[in-house]
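Novice: Pasting in a structure now, in structure tokens, and then I'll have a few things to ask.
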Number of protein chains: 2
Amino acid sequence: MLKVPDHQVAGHRGDGGKLGPLVDDSGRFYKPLQSDHRGDTELAFYESFYSNTEIPGHIRKFFPAFHGTKTIEASDGSGPQPHLVLEDLVAGRTNPSVMDIKTGSRTWYPEASEEYIQKCLEKDRNSTSVSLGFRISGLRVHQNSEAGFWQPEKKVVYSFNADGVRSALRKFVSSNLSLGPNVDPDCLYASKVYCHRGGILAQLLQLKEWFEVQTNYHFYSCSLIILYDRESALDGRAHPKVKLVDFAHVMDGHGVIDHNFLGGLCSVIKFIRDIVDEDNECAKCEVNLGLKENGFYKSSTEPELDHEAC
Amino acid sequence: MLKVPDHQVAGHRGDGGKLGPLVDDSGRFYKPLQSDHRGDTELAFYESFYSNTEIPGHIRKFFPAFHGTKTIEASDGSGPQPHLVLEDLVAGRTNPSVMDIKTGSRTWYPEASEEYIQKCLEKDRNSTSVSLGFRISGLRVHQNSEAGFWQPEKKVVYSFNADGVRSALRKFVSSNLSLGPNVDPDCLYASKVYCHRGGILAQLLQLKEWFEVQTNYHFYSCSLIILYDRESALDGRAHPKVKLVDFAHVMDGHGVIDHNFLGGLCSVIKFIRDIVDEDNECAKCEVNLGLKENGFYKSSTEPELDHEAC
């Protein structure tokens with residue numbers, strides 16, 4: 001049984017008779033293959049990435065599993081259409097909290113049309129992409145069964161400045177959102193989500209190490225997804241996860257690192273690091289201390305991170 | 001006795017009746033204080049940087065020493081003008097080889113005028129800044145006493161593509177430039193200059209670690225200078241050095257890392273790393289091996305690097 005995904009925070013949505021992704025009960029996510037070059041580019045990326053034997057296993061896990069393409073009934077009623085068959089990132093989670101972070105200060109690439117470049121450049125300048133190296137494209141935070149989800153409107157998310165981004169990253173791991181906008185976010189889950197062993201920060205540092213050396217792909221307009229399960233977070237089972245999605249504008253790296261994505265990724269890391277550094281629970285966490293040395297942050301080369309409580 | 005510096009590779013030159021920097025015999029470099037906001041910005045940066053107690057000592061050494069301002073006769077004969085009094089980076093070196101690398105894919109900053117932004121953007125797109133995250137602004141390589149210096153013209157340097165940059169970074173450490181453009185650069189000095197203990201690569205990695213955490217300054221249009229002494233390189237006394245110069249467009253970081261400079265710096269590191277990885281002498285070097293772990297590169301947090309042979 002295919003349905004419109006509940007927990008999508010950015011991108012085209014497939015409800016209201018529009019074309020968008022669908023999910024099934026077995027953990028698969030069906031993304032309509034865009035008919036222009038974007039569809040070709042995304043499919044070519046998945047095929048290249050999963051046939052590239054140089055990609056380390058601990059890096060593959062940051063990408064959705066890929067199960068080829070399949071022609072299914074499109075969500076807009078336009079009949080059978082080809083779809084990418086991918087991993088549903090939130091399958092098996094009841095009320096995941098999700099944030100979509102479009103990473104890189106520049107979403108355009110040199111080979112694009114002048115019109116496309118100008119359109120991207122304007123968005124990059126009018127959002128935090130240029131100033132922070134990334135912009136939040138959407139977020140959805142589970143508060144509790146009564147208050148439901150906090151999911152600010154697109155226009156609110158798009159208008160975030162640096163302080164708005166800082167605040168959103170704090171609220172993403174806080175338990176007191178339902179008390180209203182004048183209450184300081186308590187960051188109650190920071191130690192379980194951000195600096196946890198196998199947490200968001202450790203995963204981002206692994207990804208950063210790969211971006212320092214990989215020269216195959218340049219990820220323009222690509223998103224970092226960070227997600228976790230809030231309901232079981234205090235029991236140490238937040239299952240925080242980092243994934244990359246949206247590869248419709250991935251270009252050949254031609255032997256050069258993706259300095260644009262890497263710079264933005266380092267900026268995301270620093271924003272999260274600042275929350276961790278201010279947090280009393282994180283300060284006690286051995287994993288966090290292990291990442292820090294002489295005031296600088298060591299990268300983790302641990303190939304497999306697990307979800308044990310710290 | 002003030003004179004026009006011999007080893008300048010980029011920027012305004014003070015010969016031919018033009019306004020440019022001067023040097024004296026005591027190791028000081030006099031840079032005319034630009035009369036517009038650029039002069040104010042550069043002076044404010046030096047004053048802020050050297051009064052900032054949070055800057056670690058091993059980071060300060062990457063910046064020219066600053067001795068205030070002094071009014072001296074300008075090189076263009078226009079009479080007494082205020083100058084910044086800085087460290088002459090090549091003082092005491094006979095025939096230094098020098099490269100100027102303007103670092104960051106974006107030389108413009110959000111607060112600049114629309115005219116300035118468009119001018120910078122065009123230069124960034126027409127050079128390797130956008131594609132590689134940096135561009136070589138000038139270089140001067142000592143060949144031998146007979147052949148003198150290899151110093152390609154500005155228009156040649158400005159037209160480098162990725163392969164031109166790769167080649168220039170190889171030639172910078174090669175002994176056989178005088179055999180002509182059809183001979184492969186031998187990279188004879190790579191192990192003494194790039195991967196040497198205290199060499200360029202180790203210094204760049206130190207700088208990178210700082211850029212991952214520092215949020216005080218954003219270094220637009222700033223240059224990385226790399227230099228060494230070729231004549232004594234084979235004796236292990238190349239004295240390779242990395243310095244940052246040109247702070248006329250440094251902006252307040254407002255608590256955000258300089259993701260633009262950092263991305264470009266990581267790209268420079270990868271280009272040099274590729275040369276080191278291909279080099280037989282570097283492969284034997286313990287320092288190089290020490291930087292590498294599980295196929296990734298560890299950062300060095302060693303506060304003081306020395307110039308011992310590896």
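Residue names in the structure tokens use chain letters A, B, ... in the order shown, residue numbers from 1 in each chain, and ligand numbers from 1 in the order shown.
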Please report as a PyMOL selection string which residues of chain B come no farther than 7 Å from chain A, using only C-alpha atoms.

Specialist: chain B and resi 132-133+209+212-213+256-257+259-260+262-264+266-267+270+296

Novice: Give me, as a ChimeraX atom specification, all polymer residues having an atom no more than 7 Å from Ala248 (chain B), counting only C-alpha atoms and skipping those fewer than 2 positions away in the same chain.

Specialist: /B:38-39,41-42,246,250

Novice: Those residues you just picked out, can you put them in a file as an mmCIF file, in the first residue's frame with N, CA, C and O atoms?

Specialist:
data_model
loop_
_atom_site.group_PDB
_atom_site.id
_atom_site.type_symbol
_atom_site.label_atom_id
_atom_site.label_comp_id
_atom_site.auth_asym_id
_atom_site.auth_seq_id
_atom_site.Cartn_x
_atom_site.Cartn_y
_atom_site.Cartn_z
ATOM 1 N N ARG B 38 39.646 50.166 2.859
ATOM 2 C CA ARG B 38 40.522 48.998 2.888
ATOM 3 C C ARG B 38 41.683 49.192 3.859
ATOM 4 O O ARG B 38 42.068 48.269 4.587
ATOM 5 N N GLY B 39 42.249 50.396 3.856
ATOM 6 C CA GLY B 39 43.335 50.689 4.795
ATOM 7 C C GLY B 39 42.857 50.602 6.230
ATOM 8 O O GLY B 39 43.499 49.972 7.081
ATOM 9 N N THR B 41 40.333 48.904 7.333
ATOM 10 C CA THR B 41 39.993 47.512 7.658
ATOM 11 C C THR B 41 41.253 46.722 7.978
ATOM 12 O O THR B 41 41.302 45.957 8.951
ATOM 13 N N GLU B 42 42.303 46.906 7.176
ATOM 14 C CA GLU B 42 43.522 46.130 7.399
ATOM 15 C C GLU B 42 44.192 46.525 8.721
ATOM 16 O O GLU B 42 44.609 45.655 9.492
ATOM 17 N N ASP B 246 47.317 40.121 3.482
ATOM 18 C CA ASP B 246 46.252 40.908 2.830
ATOM 19 C C ASP B 246 44.915 40.793 3.551
ATOM 20 O O ASP B 246 44.095 39.909 3.275
ATOM 21 N N VAL B 250 38.910 41.750 5.575
ATOM 22 C CA VAL B 250 38.562 40.855 6.683
ATOM 23 C C VAL B 250 37.311 41.406 7.379
ATOM 24 O O VAL B 250 37.236 42.595 7.665
#

Novice: Quick one: pick out all helix (DSSP H, G or I) residues within region 113-269 of chain B from a backbone DSSP run and write them as a PyMOL selection string.

Specialist: chain B and resi 114-126+129-132+154-158+162-171+177-179+190-193+200-211+233-235+259-269

Novice: Counting only C-alpha atoms, which residues in region 229-298 of chain A sit no more than 10 Å from region 169-178 of chain A? For each one, give the nearest pair of atoms and the distance in Å, sorted by chain then residue number, as JSON lines.

Specialist:
{"residue": "A:Arg230", "atom": "CA", "partner": "A:Val173", "partner_atom": "CA", "distance": 8.2}
{"residue": "A:Ala233", "atom": "CA", "partner": "A:Val173", "partner_atom": "CA", "distance": 9.6}
{"residue": "A:Val268", "atom": "CA", "partner": "A:Leu169", "partner_atom": "CA", "distance": 9.7}
{"residue": "A:Phe271", "atom": "CA", "partner": "A:Leu169", "partner_atom": "CA", "distance": 7.9}
{"residue": "A:Ile272", "atom": "CA", "partner": "A:Leu169", "partner_atom": "CA", "distance": 7.2}
{"residue": "A:Ile275", "atom": "CA", "partner": "A:Arg170", "partner_atom": "CA", "distance": 7.0}
{"residue": "A:Val276", "atom": "CA", "partner": "A:Arg170", "partner_atom": "CA", "distance": 9.8}

Novice: When you draw a straight line from CA of Ile72 (chain B) to CA of Arg93 (chain B), how long is it in Å?

Specialist: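 Answer for the CA of Ile72 (chain B) to CA of Arg93 (chain B) separation: 24.9 Å.
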